[in-house]
Structures are given as structure tokens and as C-alpha cells.
file query_9.csv (CSV, C-alpha atoms and all ligand atoms)
chain,number,residue,atom,x,y,z
A,1,MET,CA,-2.4,6.3,22.9
A,2,LYS,CA,-0.2,3.2,23.5
A,3,LYS,CA,3.0,3.5,25.5
A,4,ASP,CA,5.3,3.5,22.4
A,5,LEU,CA,5.2,4.7,18.8
A,6,LEU,CA,7.0,2.0,16.8
A,7,THR,CA,4.9,2.1,13.7
A,8,LEU,CA,1.6,3.8,12.6
A,9,ARG,CA,-0.2,0.6,13.8
A,10,ASP,CA,0.3,2.0,17.3
A,11,ILE,CA,-2.0,4.9,16.7
A,12,THR,CA,-5.8,5.1,16.0
A,13,ARG,CA,-7.5,7.6,13.7
A,14,ASP,CA,-8.5,9.5,16.9
A,15,ASP,CA,-4.9,9.7,18.0
A,16,LEU,CA,-4.0,11.0,14.6
A,17,GLU,CA,-6.6,13.8,14.8
A,18,HIS,CA,-5.2,14.7,18.2
A,19,ILE,CA,-1.6,14.8,16.9
A,20,PHE,CA,-2.8,17.0,14.0
A,21,GLU,CA,-4.6,19.4,16.3
A,22,LEU,CA,-1.8,19.6,18.8
A,23,ALA,CA,1.0,19.8,16.2
A,24,SER,CA,-0.9,22.6,14.4
A,25,ARG,CA,-1.4,24.5,17.6
A,26,LEU,CA,2.3,24.1,18.6
A,27,LYS,CA,3.2,25.3,15.1
A,28,ARG,CA,1.0,28.4,15.3
A,29,GLU,CA,2.2,29.3,18.8
A,30,ARG,CA,5.9,28.4,18.4
A,31,GLY,CA,8.1,31.1,20.0
A,32,ARG,CA,5.1,32.9,21.5
A,33,VAL,CA,3.3,30.5,23.9
A,34,PRO,CA,5.4,28.1,26.0
A,35,HIS,CA,4.4,24.4,26.2
A,36,PRO,CA,6.7,23.3,29.0
A,37,VAL,CA,5.4,19.7,29.3
A,38,LEU,CA,8.9,18.2,29.4
A,39,THR,CA,10.3,20.3,32.2
A,40,GLY,CA,12.5,18.3,34.4
A,41,ARG,CA,12.5,15.4,31.9
A,42,SER,CA,15.4,13.9,30.0
A,43,ILE,CA,14.9,12.2,26.6
A,44,GLY,CA,17.6,9.9,25.2
A,45,LEU,CA,18.1,10.1,21.5
A,46,ILE,CA,19.9,6.9,20.3
A,47,PHE,CA,21.3,7.0,16.8
A,48,ALA,CA,23.0,4.2,15.0
A,49,LYS,CA,22.5,5.8,11.6
A,50,SER,CA,23.2,9.3,10.1
A,51,SER,CA,20.5,12.0,10.5
A,52,THR,CA,20.0,15.7,9.8
A,53,ARG,CA,16.3,16.4,10.2
A,54,THR,CA,15.4,13.8,12.8
A,55,ARG,CA,18.2,14.5,15.2
A,56,VAL,CA,17.8,18.3,15.0
A,57,SER,CA,14.0,18.3,15.1
A,58,PHE,CA,13.9,16.0,18.2
A,59,GLU,CA,16.7,17.9,20.0
A,60,VAL,CA,15.0,21.3,19.3
A,61,GLY,CA,11.6,19.9,20.1
A,62,VAL,CA,12.7,18.5,23.5
A,63,SER,CA,14.4,21.8,24.3
A,64,GLU,CA,11.4,23.9,23.3
A,65,MET,CA,9.2,21.9,25.7
A,66,GLY,CA,11.6,22.5,28.6
A,67,GLY,CA,13.3,19.0,28.6
A,68,THR,CA,16.9,17.9,28.2
A,69,PRO,CA,17.8,15.9,25.0
A,70,LEU,CA,20.7,13.5,25.3
A,71,TYR,CA,22.2,12.5,22.0
A,72,LEU,CA,23.6,9.0,22.2
A,73,ASP,CA,25.7,7.6,19.4
A,74,GLN,CA,24.8,3.9,19.5
A,75,SER,CA,28.3,2.9,18.4
A,76,LYS,CA,29.7,4.5,21.5
A,77,MET,CA,27.3,2.8,23.9
A,78,GLN,CA,28.0,-0.5,25.6
A,79,VAL,CA,25.2,-2.1,23.6
A,80,GLY,CA,27.6,-1.8,20.6
A,81,ARG,CA,30.1,-3.9,22.6
A,82,GLY,CA,27.8,-6.7,23.5
A,83,GLU,CA,25.6,-5.4,26.4
A,84,THR,CA,22.1,-6.8,25.9
A,85,VAL,CA,19.1,-4.7,24.8
A,86,HIS,CA,17.4,-6.0,27.9
A,87,ASP,CA,20.0,-4.6,30.3
A,88,THR,CA,20.3,-1.3,28.3
A,89,ALA,CA,16.5,-0.9,28.5
A,90,LYS,CA,16.3,-1.5,32.2
A,91,VAL,CA,19.2,0.9,33.0
A,92,LEU,CA,18.0,3.7,30.7
A,93,SER,CA,14.5,3.4,32.2
A,94,ARG,CA,16.0,4.4,35.6
A,95,TYR,CA,17.5,7.6,34.2
A,96,LEU,CA,15.4,8.8,31.3
A,97,HIS,CA,11.7,9.7,30.7
A,98,GLY,CA,11.7,8.6,27.1
A,99,ILE,CA,13.8,7.1,24.3
A,100,VAL,CA,13.9,8.1,20.7
A,101,ILE,CA,15.8,5.6,18.6
A,102,ARG,CA,17.1,5.3,15.0
A,103,THR,CA,18.7,2.0,14.2
A,104,PHE,CA,18.8,-0.9,11.8
A,105,SER,CA,16.7,-3.7,13.2
A,106,HIS,CA,13.0,-3.1,13.8
A,107,ALA,CA,12.9,-6.2,16.0
A,108,GLY,CA,15.6,-4.7,18.2
A,109,VAL,CA,13.5,-1.6,18.7
A,110,GLU,CA,10.5,-3.7,19.6
A,111,GLU,CA,12.6,-5.5,22.1
A,112,LEU,CA,13.8,-2.2,23.6
A,113,ALA,CA,10.2,-1.0,23.9
A,114,ARG,CA,9.1,-4.2,25.5
A,115,GLU,CA,11.9,-4.2,28.1
A,116,ALA,CA,11.8,-0.4,28.8
A,117,SER,CA,9.3,1.0,31.3
A,118,ILE,CA,9.5,4.4,29.6
A,119,PRO,CA,8.0,5.3,26.1
A,120,VAL,CA,10.0,4.5,23.0
A,121,ILE,CA,9.6,6.4,19.7
A,122,ASN,CA,11.0,4.9,16.5
A,123,ALA,CA,13.0,7.5,14.6
A,124,LEU,CA,13.6,5.1,11.7
A,125,THR,CA,14.5,1.4,11.4
A,126,ASP,CA,15.2,-0.6,8.2
A,127,ASP,CA,11.4,-1.2,8.1
A,128,PHE,CA,9.5,1.8,9.3
A,129,HIS,CA,9.7,5.6,9.8
A,130,PRO,CA,6.4,6.6,11.5
A,131,CYS,CA,7.5,10.1,12.5
A,132,GLN,CA,8.2,10.9,8.9
A,133,LEU,CA,4.7,9.8,7.8
A,134,LEU,CA,3.0,11.8,10.5
A,135,ALA,CA,4.7,14.9,9.2
A,136,ASP,CA,3.7,14.0,5.6
A,137,LEU,CA,0.1,13.4,6.6
A,138,LEU,CA,0.0,16.8,8.4
A,139,THR,CA,1.5,18.4,5.3
A,140,ILE,CA,-1.2,16.9,3.0
A,141,ARG,CA,-3.9,18.0,5.4
A,142,GLU,CA,-2.5,21.5,5.4
A,143,TYR,CA,-2.5,21.7,1.5
A,144,SER,CA,-5.7,19.7,0.8
A,145,GLY,CA,-7.7,20.4,4.0
A,146,ARG,CA,-8.2,16.6,4.4
A,147,VAL,CA,-6.4,13.2,4.4
A,148,ASP,CA,-8.9,10.6,3.3
A,149,GLY,CA,-10.1,8.6,0.3
A,150,ALA,CA,-10.4,11.8,-1.7
A,151,ILE,CA,-6.6,12.2,-1.8
A,152,THR,CA,-4.4,10.1,-4.1
A,153,THR,CA,-0.7,9.7,-3.3
A,154,ALA,CA,1.7,7.8,-5.5
A,155,PHE,CA,5.0,6.6,-4.0
A,156,TYR,CA,7.7,6.0,-6.6
A,157,GLY,CA,10.9,4.0,-6.4
A,158,ASP,CA,11.9,1.6,-3.7
A,159,GLY,CA,8.5,0.1,-2.8
A,160,ARG,CA,9.9,-1.9,0.0
A,161,SER,CA,11.7,0.9,1.9
A,162,ASN,CA,10.9,2.0,5.4
A,163,ILE,CA,9.1,5.0,3.8
A,164,ALA,CA,7.1,2.8,1.4
A,165,ASN,CA,6.1,0.5,4.2
A,166,SER,CA,5.1,3.5,6.3
A,167,CYS,CA,3.1,4.9,3.4
A,168,ILE,CA,1.1,1.7,3.4
A,169,LEU,CA,0.3,2.0,7.1
A,170,ALA,CA,-0.5,5.7,6.7
A,171,ALA,CA,-3.0,4.9,3.9
A,172,LYS,CA,-4.5,2.1,6.0
A,173,LEU,CA,-4.9,4.5,8.9
A,174,THR,CA,-6.4,7.4,6.9
A,175,GLY,CA,-8.2,5.7,3.9
A,176,MET,CA,-6.1,7.9,1.5
A,177,GLN,CA,-5.7,6.3,-2.0
A,178,LEU,CA,-2.1,5.0,-2.3
A,179,VAL,CA,-0.4,3.7,-5.4
A,180,ILE,CA,3.1,2.2,-5.0
A,181,ALA,CA,4.9,2.6,-8.4
A,182,SER,CA,7.8,0.2,-8.1
A,183,PRO,CA,9.5,-2.7,-10.0
A,184,GLU,CA,9.2,-5.2,-7.2
A,185,ARG,CA,6.0,-6.1,-5.3
A,186,PRO,CA,5.7,-3.9,-2.2
A,187,ASN,CA,4.9,-5.3,1.2
A,188,LEU,CA,1.2,-5.3,0.5
A,189,GLU,CA,0.5,-7.7,3.4
A,190,LEU,CA,0.9,-4.6,5.6
A,191,ALA,CA,-2.3,-3.3,3.9
A,192,GLU,CA,-4.2,-6.3,5.3
A,193,GLY,CA,-6.5,-6.3,2.2
A,194,ALA,CA,-7.3,-2.6,2.3
A,195,SER,CA,-8.8,-1.7,-1.1
A,196,ASN,CA,-7.3,1.8,-1.2
A,197,ILE,CA,-3.8,0.5,-1.5
A,198,ARG,CA,-2.4,-0.9,-4.8
A,199,TRP,CA,0.9,-1.7,-6.6
A,200,GLU,CA,1.5,-0.4,-10.2
A,201,SER,CA,4.6,-1.4,-12.0
A,202,ASP,CA,4.0,1.0,-14.9
A,203,PRO,CA,5.3,4.4,-13.7
A,204,ILE,CA,3.2,6.3,-16.3
A,205,LYS,CA,-0.1,4.6,-15.4
A,206,ALA,CA,0.6,5.2,-11.7
A,207,ALA,CA,0.6,8.9,-12.3
A,208,GLU,CA,-3.0,9.2,-13.4
A,209,GLY,CA,-5.1,11.2,-11.1
A,210,VAL,CA,-2.4,11.8,-8.5
A,211,ASP,CA,-2.5,14.6,-6.0
A,212,TYR,CA,0.8,14.0,-4.3
A,213,PHE,CA,4.0,12.4,-5.7
A,214,TYR,CA,6.2,11.0,-3.0
A,215,THR,CA,9.7,9.5,-3.4
A,216,ASP,CA,12.7,8.4,-1.3
A,217,VAL,CA,16.3,7.7,-2.0
A,218,TRP,CA,17.0,4.6,-4.1
A,219,VAL,CA,19.8,3.4,-1.7
A,220,SER,CA,18.6,3.6,1.9
A,221,MET,CA,21.0,3.6,4.8
A,222,GLY,CA,22.4,0.1,5.4
A,223,PHE,CA,21.8,-1.0,1.7
A,224,GLU,CA,24.9,0.7,0.2
A,225,GLU,CA,26.2,-2.7,-1.1
A,226,GLU,CA,23.2,-3.0,-3.4
A,227,LYS,CA,23.8,0.5,-4.9
A,228,GLU,CA,24.6,-0.7,-8.5
A,229,ARG,CA,21.6,-3.0,-8.7
A,230,ARG,CA,19.2,-0.4,-7.2
A,231,MET,CA,20.3,2.5,-9.5
A,232,LYS,CA,19.4,0.4,-12.5
A,233,LEU,CA,16.3,-1.2,-11.0
A,234,PHE,CA,14.6,2.1,-9.9
A,235,ALA,CA,15.8,4.3,-12.8
A,236,PRO,CA,12.4,4.1,-14.7
A,237,TYR,CA,10.7,5.3,-11.5
A,238,GLN,CA,12.3,8.7,-11.3
A,239,VAL,CA,9.8,11.5,-10.4
A,240,ASN,CA,10.0,14.0,-13.3
A,241,ALA,CA,7.9,16.6,-15.2
A,242,ALA,CA,6.4,13.9,-17.6
A,243,LEU,CA,4.6,12.3,-14.6
A,244,PHE,CA,3.1,15.6,-13.6
A,245,ARG,CA,1.5,15.9,-17.0
A,246,LYS,CA,-0.5,12.8,-16.2
A,247,ALA,CA,-1.5,13.8,-12.6
A,248,LYS,CA,-4.2,16.1,-11.4
A,249,PRO,CA,-3.6,19.8,-12.1
A,250,GLY,CA,-1.9,21.3,-9.0
A,251,ALA,CA,-0.3,18.0,-8.0
A,252,LYS,CA,2.4,18.4,-5.4
A,253,PHE,CA,5.8,16.8,-4.7
A,254,LEU,CA,6.8,15.2,-1.3
A,255,HIS,CA,10.2,13.8,-0.3
A,256,CYS,CA,11.3,12.7,3.1
A,257,LEU,CA,14.8,14.0,2.3
A,258,PRO,CA,17.7,13.7,1.9
A,259,ALA,CA,17.2,14.0,-1.9
A,260,HIS,CA,19.5,13.1,-4.8
A,261,ARG,CA,18.6,15.3,-7.7
A,262,GLY,CA,19.0,13.5,-11.0
A,263,GLU,CA,18.3,10.1,-9.3
A,264,GLU,CA,14.9,9.6,-7.7
A,265,VAL,CA,13.7,13.1,-8.6
A,266,THR,CA,14.8,15.6,-11.2
A,267,ALA,CA,16.1,19.0,-10.1
A,268,GLU,CA,13.3,20.5,-12.1
A,269,VAL,CA,10.6,18.9,-9.9
A,270,MET,CA,12.5,19.1,-6.6
A,271,ASP,CA,13.0,22.9,-7.1
A,272,SER,CA,9.7,23.7,-8.7
A,273,PRO,CA,6.7,25.4,-7.0
A,274,ALA,CA,5.0,22.0,-6.8
A,275,SER,CA,7.6,20.9,-4.3
A,276,ILE,CA,6.5,21.2,-0.7
A,277,VAL,CA,9.4,19.3,0.8
A,278,PHE,CA,10.6,22.0,3.1
A,279,ASP,CA,7.1,22.5,4.6
A,280,GLU,CA,7.1,18.7,5.0
A,281,ALA,CA,10.5,18.8,6.7
A,282,GLU,CA,9.4,21.6,9.1
A,283,ASN,CA,6.4,19.6,10.1
A,284,ARG,CA,8.7,16.9,11.5
A,285,LEU,CA,9.4,19.3,14.4
A,286,HIS,CA,5.7,20.0,15.1
A,287,VAL,CA,4.4,16.4,14.9
A,288,GLN,CA,7.2,15.1,17.0
A,289,LYS,CA,6.6,17.7,19.7
A,290,ALA,CA,2.9,16.6,19.7
A,291,VAL,CA,3.8,13.0,20.0
A,292,MET,CA,6.4,13.6,22.8
A,293,SER,CA,3.9,15.7,24.6
A,294,MET,CA,1.3,12.9,24.4
A,295,LEU,CA,3.7,10.1,25.3
A,296,MET,CA,6.3,11.6,27.5
A,297,GLY,CA,4.9,14.9,28.8
A,298,ASN,CA,3.7,15.8,32.3
A,299,ARG,CA,0.0,15.5,32.2
A,301,LIG,N1,13.8,12.4,6.7
A,301,LIG,C1,14.7,12.1,7.6
A,301,LIG,O1,14.4,11.3,8.5
A,301,LIG,O2,15.8,12.8,7.5
A,301,LIG,P1,17.2,12.6,8.3
A,301,LIG,O3,17.7,11.2,7.8
A,301,LIG,O4,18.1,13.7,8.0
A,301,LIG,O5,16.9,12.5,9.8
A,302,LIG,N1,14.7,5.2,3.2
A,302,LIG,C1,15.7,6.2,3.7
A,302,LIG,C2,15.0,7.2,4.5
A,302,LIG,C3,15.9,8.3,5.0
A,302,LIG,C4,15.1,9.3,5.8
A,302,LIG,C5,16.8,5.5,4.5
A,302,LIG,O1,16.4,4.6,5.3
A,302,LIG,O2,17.9,5.8,4.3
call {"tool": "encode", "arguments": {"input": "query_9.csv", "output": "C-alpha cells"}}
result
Amino acid sequence: MKKDLLTLRDITRDDLEHIFELASRLKRERGRVPHPVLTGRSIGLIFAKSSTRTRVSFEVGVSEMGGTPLYLDQSKMQVGRGETVHDTAKVLSRYLHGIVIRTFSHAGVEELAREASIPVINALTDDFHPCQLLADLLTIREYSGRVDGAITTAFYGDGRSNIANSCILAAKLTGMQLVIASPERPNLELAEGASNIRWESDPIKAAEGVDYFYTDVWVSMGFEEEKERRMKLFAPYQVNAALFRKAKPGAKFLHCLPAHRGEEVTAEVMDSPASIVFDEAENRLHVQKAVMSMLMGNR
């Protein structure tokens, strides 16, 4: 695997299989078999945006592997007062064994990773959220026994969000069929011409033959000023029971969470037996432990 995980472009299909296997083993053995690969290691968790799942799953994951997690509020760091990313990266590399970062600018995270001598994991930027998609792919694999061209996932709503972009890279990596159901053209250039990835502006058509519906908030962190426009624009792309009637029997519902019932998904779908969002959220812990073990662990 490469030094850093900034987007799913940083991993190969073999890396992905390794992450699946290790994450599944860590999940099975959790609380019974220790996996102390971070003993004596300190992992900095830099957050410039809110988080529930990512922060808690990384802190718990580091602790469970014997390491020390350090939560760092970016607004309280000197980088928030003008210290350069370069100097921050050099200094943190002298103290820590790895950095997990959630912030706004993806280019800023790329710079941090370039300048740091320790591994950097992207825990969400405005453009990508690779850890989320690793958990989603593991969840699909658990439910369907595979993640490849036989699986069709439809992402609904903000087709240019960090989650939608990451779905495109996930489909490129796995060959899974991906339909982005959105009013505006998604960032299809990320697909680099892959024929398994398409855009469909008709939400009903997009639901045909779907195994997994996936959605995300309509107003991502940092885009609050556009709330009014977004609520109107994405309203026709709500995931609801009507879409399930067009999909394959037994279709499931995924959401990265947090969810807004009545906006991007109805309460009926979110709280139905088709919803596997809490298995998906749990898998964040297991895949991130696998990734940290591979990138930051004692070998
Ligand atoms: N899905 C996700 O990243 O959740 P948080 O924003 O709560 O970390
Ligand atoms: N697109 C959302 C994902 C939250 C996990 C956001 O960036 O706010």
C-alpha cells in the first residue's frame, strides 16, 4: 500500500481485498483477541469539521490496537493562526506515528501528506471521504457476498459531494455498477471513462435494477450558505418507498450518516428493515483499524 490514504486512488484491488480480510477478522475477534499493532504509537486526529462516527471510531480503533489517540481541534492549533502546513507537518512528524485529518481543502491534505514523513489518512475533505466508502464496500460485501459488476448501487442527491465523488472512485476500483441520480452532472472525469459508472437525471429511471440505494445529506459541512438552493434542487431525489418498488427485490439502503429524515430519505425507508445504515456505521471502526494497522502499525 502507498504511504497515505487520501482517496481510493491510493489503493489497489489487492489492497482492498487485504483491508476486507483484515477488517473482517478484527470484527470477528473484537474484544477477544488483541491486535496490539499500535502499542507505543501516538496517532494525531486533526478535526476542522464536526464528527460523531469518524472521531469516535478512530479514537476507539487506536485505543483497541494499543495506541494513543490525540484529538486535535484544528481551530485551536497554530495552523489556524497562520503557521504553515509545511512546518506543521514537519513538527508533527517528530512526535506522532500517523495523522488522521478531517478538514475543508483536499489540496491542503495533499500538502500535509507530501510534507509529513508519517502516514496521513483522509477522514473527509470537501472532495473525498475514502474511509466511509471502504466501510460501505465491506457492508455490501457482507450482504451480497461480493462487490463487483454484479452489484448495482444508485447514489441519490448531491452528485458532486465528497461521498458521490468517493462512490465514483469505489466503483472504478471494484467494477460495481454505479448510477448517480442527481440534477447536476457529477464529476464523471473521476471515472476516467469507466463504463460501469453513469449519470441519470431521472430519479425513477435510476432506480431500475438497483441493489443498494445510497444517499447523503443535501447540505454538506461547509456548504450551509447554499442551503435554500440545495433543498429545492435535490428535493426530487429523495430516497423513498416509490423508488424501492422499481429496484431489485430485497434492495437495501445505505447512508453515510448523519441522516435528515424527511429530506434526503424518508423516515419510512431509513427505519425500515431494508436499512443497513448501522451495520455500515459499525464497519467504519473495523475498516479503519485495518487501514491503520496496514499503514501505521508495527510490522
Ligand atoms: N459518516 C461520517 O463521517 O460521520 P461523522 O461526520 O459523524 O464522522
Ligand atoms: N457530505 C457530507 C458527509 C458527512 C459524513 C458532508 O461533507 O458533510
call {"tool": "atom_distance", "arguments": {"input": "query_9.csv", "atom1": "atom CA of Met231 of chain A", "atom2": "atom CA of Trp218 of chain A"}}
result
6.7 Å
call {"tool": "atom_distance", "arguments": {"input": "query_9.csv", "atom1": "atom CA of Tyr143 of chain A", "atom2": "atom CA of Val100 of chain A"}}
result
28.7 Å
call {"tool": "residues_near_ligand", "arguments": {"input": "query_9.csv", "ligand": "ligand LIG 301 (chain A)", "cutoff": "10 Å", "atoms": "all atoms listed in the file", "output": "VMD selection string"}}
result
chain A and resid 47 49 to 58 102 123 to 124 129 to 133 135 163 216 220 to 221 255 to 259 280 to 281 284
call {"tool": "residues_around", "arguments": {"input": "query_9.csv", "residues": "Glu21 of chain A", "least_positions_apart": "2", "cutoff": "12 Å", "atoms": "all atoms listed in the file", "output": "ChimeraX atom specification"}}
result
/A:14-19,23-28,138,141-142,286-287,289-291,294
call {"tool": "write_last_selection", "arguments": {"input": "query_9.csv", "atoms": "C-alpha atoms", "output": "JSON list (two decimals), keeping the file's coordinate frame"}}
result
[["chain", "number", "residue", "atom", "x", "y", "z"],
["A", 14, "ASP", "CA", -8.50, 9.50, 16.90],
["A", 15, "ASP", "CA", -4.90, 9.70, 18.00],
["A", 16, "LEU", "CA", -4.00, 11.00, 14.60],
["A", 17, "GLU", "CA", -6.60, 13.80, 14.80],
["A", 18, "HIS", "CA", -5.20, 14.70, 18.20],
["A", 19, "ILE", "CA", -1.60, 14.80, 16.90],
["A", 23, "ALA", "CA", 1.00, 19.80, 16.20],
["A", 24, "SER", "CA", -0.90, 22.60, 14.40],
["A", 25, "ARG", "CA", -1.40, 24.50, 17.60],
["A", 26, "LEU", "CA", 2.30, 24.10, 18.60],
["A", 27, "LYS", "CA", 3.20, 25.30, 15.10],
["A", 28, "ARG", "CA", 1.00, 28.40, 15.30],
["A", 138, "LEU", "CA", 0.00, 16.80, 8.40],
["A", 141, "ARG", "CA", -3.90, 18.00, 5.40],
["A", 142, "GLU", "CA", -2.50, 21.50, 5.40],
["A", 286, "HIS", "CA", 5.70, 20.00, 15.10],
["A", 287, "VAL", "CA", 4.40, 16.40, 14.90],
["A", 289, "LYS", "CA", 6.60, 17.70, 19.70],
["A", 290, "ALA", "CA", 2.90, 16.60, 19.70],
["A", 291, "VAL", "CA", 3.80, 13.00, 20.00],
["A", 294, "MET", "CA", 1.30, 12.90, 24.40]]
call {"tool": "closest_atom_pairs", "arguments": {"input": "query_9.csv", "of": "segment 47-137 of chain A", "to": "segment 189-213 of chain A", "cutoff": "12 Å", "atoms": "only C-alpha atoms", "output": "Markdown table"}}
result
| residue | atom | partner | partner_atom | distance |
| --- | --- | --- | --- | --- |
| A:Asp127 | CA | A:Leu190 | CA | 11.3 |
| A:Phe128 | CA | A:Leu190 | CA | 11.3 |
| A:Asp136 | CA | A:Tyr212 | CA | 10.3 |
| A:Leu137 | CA | A:Tyr212 | CA | 10.9 |
call {"tool": "residues_around", "arguments": {"input": "query_9.csv", "residues": "Pro119 of chain A", "least_positions_apart": "6", "cutoff": "10 Å", "atoms": "only C-alpha atoms", "output": "list in words"}}
result
Lys2, Lys3, Asp4, Leu5, Leu6, Ile43, Ser93, Leu96, His97, Gly98, Ile99, Val100, Leu112, Ala113, Met292, Leu295 and Met296 of chain A
call {"tool": "write_last_selection", "arguments": {"input": "query_9.csv", "atoms": "C-alpha atoms", "output": "compact mmCIF listing (two decimals), in the coordinates of the input"}}
result
# COMPACT_ATOMS: atom_id res chain seq x y z
CA LYS A 2 -0.20 3.20 23.50
CA LYS A 3 3.00 3.50 25.50
CA ASP A 4 5.30 3.50 22.40
CA LEU A 5 5.20 4.70 18.80
CA LEU A 6 7.00 2.00 16.80
CA ILE A 43 14.90 12.20 26.60
CA SER A 93 14.50 3.40 32.20
CA LEU A 96 15.40 8.80 31.30
CA HIS A 97 11.70 9.70 30.70
CA GLY A 98 11.70 8.60 27.10
CA ILE A 99 13.80 7.10 24.30
CA VAL A 100 13.90 8.10 20.70
CA LEU A 112 13.80 -2.20 23.60
CA ALA A 113 10.20 -1.00 23.90
CA MET A 292 6.40 13.60 22.80
CA LEU A 295 3.70 10.10 25.30
CA MET A 296 6.30 11.60 27.50
call {"tool": "atom_distance", "arguments": {"input": "query_9.csv", "atom1": "atom CA of Ile276 of chain A", "atom2": "atom CA of Arg160 of chain A"}}
result
23.4 Å
call {"tool": "decode", "arguments": {"input": "query_9.csv", "residues": "segment 224-280 of chain A", "atoms": "C-alpha atoms", "output": "PDB file, in the first residue's frame"}}
result
ATOM      1  CA  GLU A 224     -24.512  25.882   4.657  1.00  0.00           C
ATOM      2  CA  GLU A 225     -24.839  29.164   2.741  1.00  0.00           C
ATOM      3  CA  GLU A 226     -26.306  27.240  -0.211  1.00  0.00           C
ATOM      4  CA  LYS A 227     -28.967  25.562   1.915  1.00  0.00           C
ATOM      5  CA  GLU A 228     -32.026  27.121   0.286  1.00  0.00           C
ATOM      6  CA  ARG A 229     -30.890  26.374  -3.269  1.00  0.00           C
ATOM      7  CA  ARG A 230     -29.866  22.827  -2.395  1.00  0.00           C
ATOM      8  CA  MET A 231     -33.123  21.921  -0.619  1.00  0.00           C
ATOM      9  CA  LYS A 232     -35.066  22.806  -3.781  1.00  0.00           C
ATOM     10  CA  LEU A 233     -32.581  21.340  -6.234  1.00  0.00           C
ATOM     11  CA  PHE A 234     -32.315  17.913  -4.595  1.00  0.00           C
ATOM     12  CA  ALA A 235     -35.941  17.521  -3.444  1.00  0.00           C
ATOM     13  CA  PRO A 236     -36.900  15.246  -6.398  1.00  0.00           C
ATOM     14  CA  TYR A 237     -34.008  12.922  -5.457  1.00  0.00           C
ATOM     15  CA  GLN A 238     -35.278  11.879  -2.027  1.00  0.00           C
ATOM     16  CA  VAL A 239     -34.904   8.145  -1.380  1.00  0.00           C
ATOM     17  CA  ASN A 240     -38.418   6.863  -0.661  1.00  0.00           C
ATOM     18  CA  ALA A 241     -40.580   3.756  -0.888  1.00  0.00           C
ATOM     19  CA  ALA A 242     -41.616   4.514  -4.506  1.00  0.00           C
ATOM     20  CA  LEU A 243     -38.003   4.019  -5.618  1.00  0.00           C
ATOM     21  CA  PHE A 244     -37.808   0.655  -3.885  1.00  0.00           C
ATOM     22  CA  ARG A 245     -40.735  -0.570  -5.993  1.00  0.00           C
ATOM     23  CA  LYS A 246     -38.567  -0.068  -9.122  1.00  0.00           C
ATOM     24  CA  ALA A 247     -35.477  -1.709  -7.629  1.00  0.00           C
ATOM     25  CA  LYS A 248     -34.491  -5.370  -7.312  1.00  0.00           C
ATOM     26  CA  PRO A 249     -36.453  -7.288  -4.676  1.00  0.00           C
ATOM     27  CA  GLY A 250     -34.528  -7.162  -1.399  1.00  0.00           C
ATOM     28  CA  ALA A 251     -32.769  -3.878  -2.263  1.00  0.00           C
ATOM     29  CA  LYS A 252     -31.014  -2.271   0.694  1.00  0.00           C
ATOM     30  CA  PHE A 253     -30.493   1.287   1.905  1.00  0.00           C
ATOM     31  CA  LEU A 254     -27.109   2.834   2.748  1.00  0.00           C
ATOM     32  CA  HIS A 255     -26.389   6.280   4.225  1.00  0.00           C
ATOM     33  CA  CYS A 256     -23.048   7.591   5.463  1.00  0.00           C
ATOM     34  CA  LEU A 257     -24.957   9.442   8.229  1.00  0.00           C
ATOM     35  CA  PRO A 258     -25.840  11.841   9.764  1.00  0.00           C
ATOM     36  CA  ALA A 259     -29.307  11.487   8.166  1.00  0.00           C
ATOM     37  CA  HIS A 260     -32.073  14.052   7.879  1.00  0.00           C
ATOM     38  CA  ARG A 261     -35.365  12.158   7.798  1.00  0.00           C
ATOM     39  CA  GLY A 262     -37.849  13.893   5.533  1.00  0.00           C
ATOM     40  CA  GLU A 263     -35.075  15.416   3.414  1.00  0.00           C
ATOM     41  CA  GLU A 264     -32.714  13.069   1.539  1.00  0.00           C
ATOM     42  CA  VAL A 265     -34.529   9.973   2.874  1.00  0.00           C
ATOM     43  CA  THR A 266     -37.985   9.309   4.276  1.00  0.00           C
ATOM     44  CA  ALA A 267     -38.268   8.017   7.841  1.00  0.00           C
ATOM     45  CA  GLU A 268     -40.115   5.054   6.326  1.00  0.00           C
ATOM     46  CA  VAL A 269     -37.017   3.944   4.393  1.00  0.00           C
ATOM     47  CA  MET A 270     -34.436   4.992   6.978  1.00  0.00           C
ATOM     48  CA  ASP A 271     -36.146   2.976   9.715  1.00  0.00           C
ATOM     49  CA  SER A 272     -37.207   0.018   7.537  1.00  0.00           C
ATOM     50  CA  PRO A 273     -35.714  -3.499   7.530  1.00  0.00           C
ATOM     51  CA  ALA A 274     -34.066  -2.564   4.191  1.00  0.00           C
ATOM     52  CA  SER A 275     -31.920  -0.012   6.003  1.00  0.00           C
ATOM     53  CA  ILE A 276     -28.456  -1.312   6.899  1.00  0.00           C
ATOM     54  CA  VAL A 277     -27.041   2.030   7.981  1.00  0.00           C
ATOM     55  CA  PHE A 278     -25.960   0.949  11.454  1.00  0.00           C
ATOM     56  CA  ASP A 279     -24.050  -2.073  10.147  1.00  0.00           C
ATOM     57  CA  GLU A 280     -22.456   0.378   7.733  1.00  0.00           C
TER      58      GLU A 280
END
